[in-house]
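For reference, the structure discussed in these notes is given below.
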Amino acid sequence: MTVLAFLFVLGVLIFVHELGHFLMARRIGVRVLTFSLGFGPKLINVKRGDTEYCISAIPLGGYVKMAGENPEDARTGAPDEFLSKGKWQRFQVLVMGPVMNLILAIVVMAVVLYQGAPVPAYEQQPVVIGSFSDTSVAAKAGLKPGDRVVTIDGKPIDNWEQYLYAIGGKAKRNVTIGYVRNGTLDQLTLVPEGQGKYEMGDIGIQPVVHPEVVEVSPNQPAAEAGLRKGDAIIGINGERDISYEKLISTIKANEDKPLNFLIRRAGAEQAIMVTPRKNGDTVMMGAQLRGFETRTIEPGPIEAVKLSLDKNWEWTRMIVQTLVGLITRETSVKQLMGPVAIADLSGSAAQAGWIPLFSLMAMISLNLGLLNLMPIPVLDGGHIFILGLEGLARRDFSMKVKEKMLLAGFVLLLMLMVTVIYNDLMRIQWIEKLVPWR
């Protein structure tokens with residue numbers, strides 16, 4: 001499942017990226033010699049017209065080879081050669097690969113959102129601390145339940161979704177938390193822990209959430225008492241904001257004893273008496289619960305596109321913040337992921353269903369598009385950057401200058417690849433145990 005999901009996600013992203021270069025090259029009259037998915041030895045190939053279409057052995061990229069693309073190639077000066085075209089036309093060919101990935105991210109996410117799905121309601125709520133353990137980073141730093149987090153390192157935080165994005169990239173770094181307590185604004189500095197194999201920052205706080213009824217079984221105490229699907233359980237026996245775990249333990253401890261449930265239905269609170277009873281070896285009330293309330297997104301086609309644009313913009317901001325954080329050393333390089341991690345995530349997403357898998361594809365496509373636009377020689381953005389410099393200088397650089405630029409870009413890219421592959425390998429437990437400094 002993991003291998004198939006990885007090949008599917010990567011294959012689609014590479015195909016769309018290279019298709020962008022291919023279509024634009026053909027549009028402006030450049031002769032395309034090869035369109036390849038993958039690198040290395042060609043496994044399958046077929047020729048149509050001037051172009052050879054092939055699938056190659058190493059599925060970690062692809063390429064479109066155009067006539068007269070490399071100054072070192074034999075050139076005739078024919079108008080269908082890449083370097084015979086003007087800078088504006090060459091720019092269009094170079095930029096269309098990343099642009100196609102950005103478009104794919106928007107389209108795929110719009111399709112996902114159009115399906116409609118329940119999402120945690122707390123994600124769009126203010127960051128009011130509901131609970132944490134006494135040993136958490138937040139508790140040790142002095143935060144308390146009821147405090148509202150409003151800034152992280154001076155940047156405004158309006159909801160839990162923004163908070164999770166902001167704190168996730170700051171593992172093992174000093175972070176200044178701005179919070180409001182009893183109407184008074186204050187701040188403190190703490191160091192988030194790195195949680196999980198991806199070292200995501202965490203200070204241990206949880207939102208105020210209420211268990212939600214997912215399904216009600218007929219002829220069971222919950223149905224007999226009048227509980228319905230979608231009811232949020234606010235409290236029980238006079239205790240408000242009860243957690244999922246506390247609710248379950250209370251039900252199991254009160255066989256044949258009436259419990260006073262406080263629920264919220266259609267925005268209004270009401271009381272319902274439920275008497276759990278034993279079913280087999282377990283005391284239950286006959287309802288399936290989830291640990292938090294949800295809101296259902298059911299957009300139309302136009303609204304789905306708007307929501308997709310909003311989501312991709314949020315992801316873009318997060319990607320830019322991460323890149324800036326890597327440069328300023330505020331973000332750990334351990335959070336960078338390579339092919340192994342992408343394969344792992346793809347497999348997990350595929351097992352969860354096509355919606356998580358396509359959501360992951362949209363996010364990776366956005367990453368691929370944005371990173372390819374970075375002004376690093378070897379990448380599309382690097383070639384565009386060189387074109388821009390040549391435009392400003394009003395002359396083409398010599399091959400020696402371009403070779404030095406490309407070499408610098410290659411070294412930088414190689415260092416990045418070594419880092420992400422090292423991170424991937426260190427997330428595999430048996431390999432990590434072999435490394436003495438871990």
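Each chain in the structure tokens gets a letter, A, B, ..., in the order shown, and its residues are numbered from 1; ligands are numbered from 1 in order too.
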Might you pull out every residue within 10 Å of Ile236 of chain A, with only C-alpha atoms counted and same-chain residues fewer than 2 positions away left off, and present them as a VMD selection string?
chain A and resid 233 to 234 238 to 242 246 to 247 250 to 251 259 to 263 271 to 273
Going by DSSP on the backbone, which residues of segment 135-371 of chain A come out as strand (DSSP E)? List them as a short mmCIF file (atom, residue, chain, number, x, y, z; two decimals) with C-alpha atoms, in the first residue's frame.
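So states.cif came out as:
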```
data_model
loop_
_atom_site.label_atom_id
_atom_site.label_comp_id
_atom_site.auth_asym_id
_atom_site.auth_seq_id
_atom_site.Cartn_x
_atom_site.Cartn_y
_atom_site.Cartn_z
CA ARG A 148 -6.07 32.62 25.79
CA VAL A 149 -2.97 32.50 23.57
CA VAL A 150 -3.02 35.54 21.26
CA THR A 151 0.54 35.75 19.87
CA ILE A 152 3.51 33.51 19.19
CA LYS A 155 2.66 37.16 15.43
CA PRO A 156 -1.13 37.19 16.02
CA VAL A 175 9.27 30.87 21.92
CA THR A 176 7.54 33.93 23.34
CA ILE A 177 3.86 33.29 24.08
CA GLY A 178 1.52 36.26 24.41
CA TYR A 179 -1.62 35.41 26.39
CA VAL A 180 -4.61 37.03 28.04
CA ARG A 181 -5.60 36.11 31.64
CA THR A 184 -4.77 41.30 31.23
CA LEU A 185 -2.24 40.80 28.43
CA ASP A 186 1.03 39.17 29.46
CA GLN A 187 3.77 37.05 27.92
CA LEU A 188 6.28 34.37 28.82
CA THR A 189 9.05 32.41 27.13
CA LEU A 190 9.19 28.64 26.91
CA GLU A 193 9.13 19.81 23.07
CA GLY A 194 9.71 17.91 19.82
CA GLN A 195 6.95 15.33 19.53
CA MET A 200 6.70 18.78 15.79
CA GLY A 201 6.68 21.50 18.42
CA ASP A 202 4.27 20.96 21.32
CA GLN A 206 -5.51 21.17 24.75
CA PRO A 207 -8.61 23.13 23.66
CA GLU A 212 -20.16 14.58 20.31
CA VAL A 213 -22.72 11.87 19.59
CA VAL A 214 -21.88 10.17 16.27
CA GLU A 215 -24.53 7.43 16.24
CA VAL A 216 -27.32 6.28 18.57
CA ALA A 232 -22.64 17.82 22.04
CA ILE A 233 -22.29 16.66 25.65
CA ILE A 234 -21.42 19.78 27.64
CA GLY A 235 -21.49 18.31 31.13
CA ILE A 236 -22.68 15.51 33.37
CA GLU A 239 -19.75 19.14 35.98
CA ARG A 240 -19.25 21.20 32.81
CA LEU A 259 -27.02 10.54 34.92
CA ASN A 260 -27.98 14.15 34.26
CA PHE A 261 -26.52 15.02 30.84
CA LEU A 262 -26.23 18.65 29.78
CA ILE A 263 -26.22 18.71 25.97
CA ARG A 264 -26.13 21.33 23.24
CA ARG A 265 -28.46 20.82 20.30
CA ALA A 268 -29.39 25.58 22.70
CA GLU A 269 -28.51 23.75 25.91
CA GLN A 270 -30.88 21.25 27.53
CA ALA A 271 -30.81 18.52 30.18
CA ILE A 272 -31.43 14.82 29.48
CA MET A 273 -31.48 11.94 31.96
CA VAL A 274 -29.66 8.81 30.76
CA ARG A 277 -27.08 -0.40 31.77
CA LYS A 278 -24.94 -3.46 31.35
CA ASN A 279 -24.64 -5.02 27.92
CA THR A 282 -19.67 -3.57 29.64
CA VAL A 283 -21.80 -0.80 31.11
CA MET A 284 -22.85 1.50 28.27
CA ALA A 287 -24.15 5.66 21.62
CA GLN A 288 -21.00 6.07 19.54
CA LEU A 289 -19.05 9.16 20.60
CA ARG A 290 -16.10 11.18 19.30
CA THR A 294 -17.38 18.91 14.51
CA ARG A 295 -18.68 21.25 11.86
CA THR A 296 -19.65 19.96 8.44
CA ILE A 297 -18.32 21.64 5.33
#
```
Quick one: everything within 7 Å of Phe6 of chain A, counting only C-alpha atoms, minus sequence neighbours fewer than 4 positions away in the same chain. Send it as a PyMOL selection string.
chain A and resi 2+10+343+346-347
Serialized selection, N, CA and C atoms, as a compact mmCIF listing (two decimals), in the first residue's frame:
```txt
# COMPACT_ATOMS: atom_id res chain seq x y z
N THR A 2 1.91 1.24 0.86
CA THR A 2 2.79 2.42 0.95
C THR A 2 3.50 2.69 -0.36
N LEU A 10 3.64 10.61 -6.27
CA LEU A 10 4.82 11.18 -6.93
C LEU A 10 4.65 11.18 -8.44
N ALA A 343 6.78 8.75 1.35
CA ALA A 343 6.21 7.41 1.13
C ALA A 343 5.43 6.95 2.36
N SER A 346 2.26 8.92 2.56
CA SER A 346 1.34 8.49 1.50
C SER A 346 0.65 7.19 1.86
N GLY A 347 1.41 6.25 2.41
CA GLY A 347 0.83 4.98 2.81
C GLY A 347 -0.21 5.14 3.91
```
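The closest residue to Ser243 of chain A, picked from A:Tyr63, A:Tyr165, A:Trp315, A:Phe132 and counting only C-alpha atoms, is A:Phe132.
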Compile the contact shell of Glu123 of chain A as a VMD selection string: residues with an atom at most 10 Å away, counting only C-alpha atoms, same-chain residues fewer than 5 positions apart removed.
chain A and resid 158 to 164 207 294 to 295
Near segment 21-30 of chain A, 8 Å: segment 84-191 of chain A residue rows, closest pairs, only C-alpha atoms, as CSV:
```
residue,atom,partner,partner_atom,distance
A:Gln89,CA,A:Ile28,CA,7.0
A:Gln92,CA,A:Met24,CA,6.9
A:Val93,CA,A:His21,CA,5.2
A:Leu94,CA,A:His21,CA,6.4
A:Val95,CA,A:His21,CA,7.7
A:Met96,CA,A:His21,CA,5.5
A:Gly97,CA,A:His21,CA,5.2
```
Between atom CA of Val320 of chain A and atom CA of Leu414 of chain A, what is the spacing in Å?
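Going from atom CA of Leu414 of chain A over to atom CA of Val320 of chain A covers 20.9 Å.
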Interatomic distance (Å, one decimal) between atom CA of Arg395 of chain A and atom CA of Asn372 of chain A:
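Here the two named atoms are 24.8 Å from each other.
Between atom CA of Met337 of chain A and atom CA of Gly169 of chain A there is a distance of 13.0 Å.
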Using only C-alpha atoms, find the one residue out of A:Ile167, A:Leu425, A:Val411, A:Met374 that sits nearest to Asp344 of chain A.
A:Leu425
List every residue of segment 305-399 of chain A that DSSP, applied to the backbone of this structure, places in alpha helix (DSSP H), and write the result as a count of residues only.
72
Residues within 9 Å of segment 113-120 of chain A, only C-alpha atoms, excluding chain neighbours under 3 positions, as a PyMOL selection string
chain A and resi 108-110+123-124+292-301+303-305+307-308+355
Counting only C-alpha atoms, figure out which residue out of A:Lys172, A:Phe91, A:Ala223, A:Val111 gets nearest to Gly382 of chain A.
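Of all the options, A:Phe91 lies closest to Gly382 of chain A.
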Check the smallest atom-to-atom distance from each of A:Pro276, A:Leu412, A:Leu379, A:Met363 to Lys252 of chain A using only C-alpha atoms, then report the winner.
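Among the listed residues, A:Pro276 lies closest to Lys252 of chain A.
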What's around Gly49 of chain A at 12 Å? Count only C-alpha atoms, leave out sequence neighbours fewer than 5 positions away in its own chain, and write the answer as a PyMOL selection string.
chain A and resi 31-34
Which residues are close to Ile58 of chain A, i.e. within 6 Å by only C-alpha atoms, leaving aside same-chain residues fewer than 4 positions away? Reply as an MDAnalysis selection string.
chainID A and resid 38:40
Residues as selected, N, CA, C and O atoms, written as an mmCIF file, in the first residue's frame, can you do that?
```
data_model
loop_
_atom_site.group_PDB
_atom_site.id
_atom_site.type_symbol
_atom_site.label_atom_id
_atom_site.label_comp_id
_atom_site.auth_asym_id
_atom_site.auth_seq_id
_atom_site.Cartn_x
_atom_site.Cartn_y
_atom_site.Cartn_z
ATOM 1 N N GLY A 38 10.698 9.968 -14.492
ATOM 2 C CA GLY A 38 11.802 9.268 -13.856
ATOM 3 C C GLY A 38 13.117 9.570 -14.539
ATOM 4 O O GLY A 38 13.173 10.180 -15.626
ATOM 5 N N PHE A 39 14.210 9.148 -13.882
ATOM 6 C CA PHE A 39 15.557 9.328 -14.411
ATOM 7 C C PHE A 39 16.183 7.959 -14.669
ATOM 8 O O PHE A 39 15.630 6.928 -14.308
ATOM 9 N N GLY A 40 17.382 7.977 -15.239
ATOM 10 C CA GLY A 40 18.148 6.750 -15.395
ATOM 11 C C GLY A 40 17.719 5.923 -16.596
ATOM 12 O O GLY A 40 17.142 6.439 -17.558
#
```
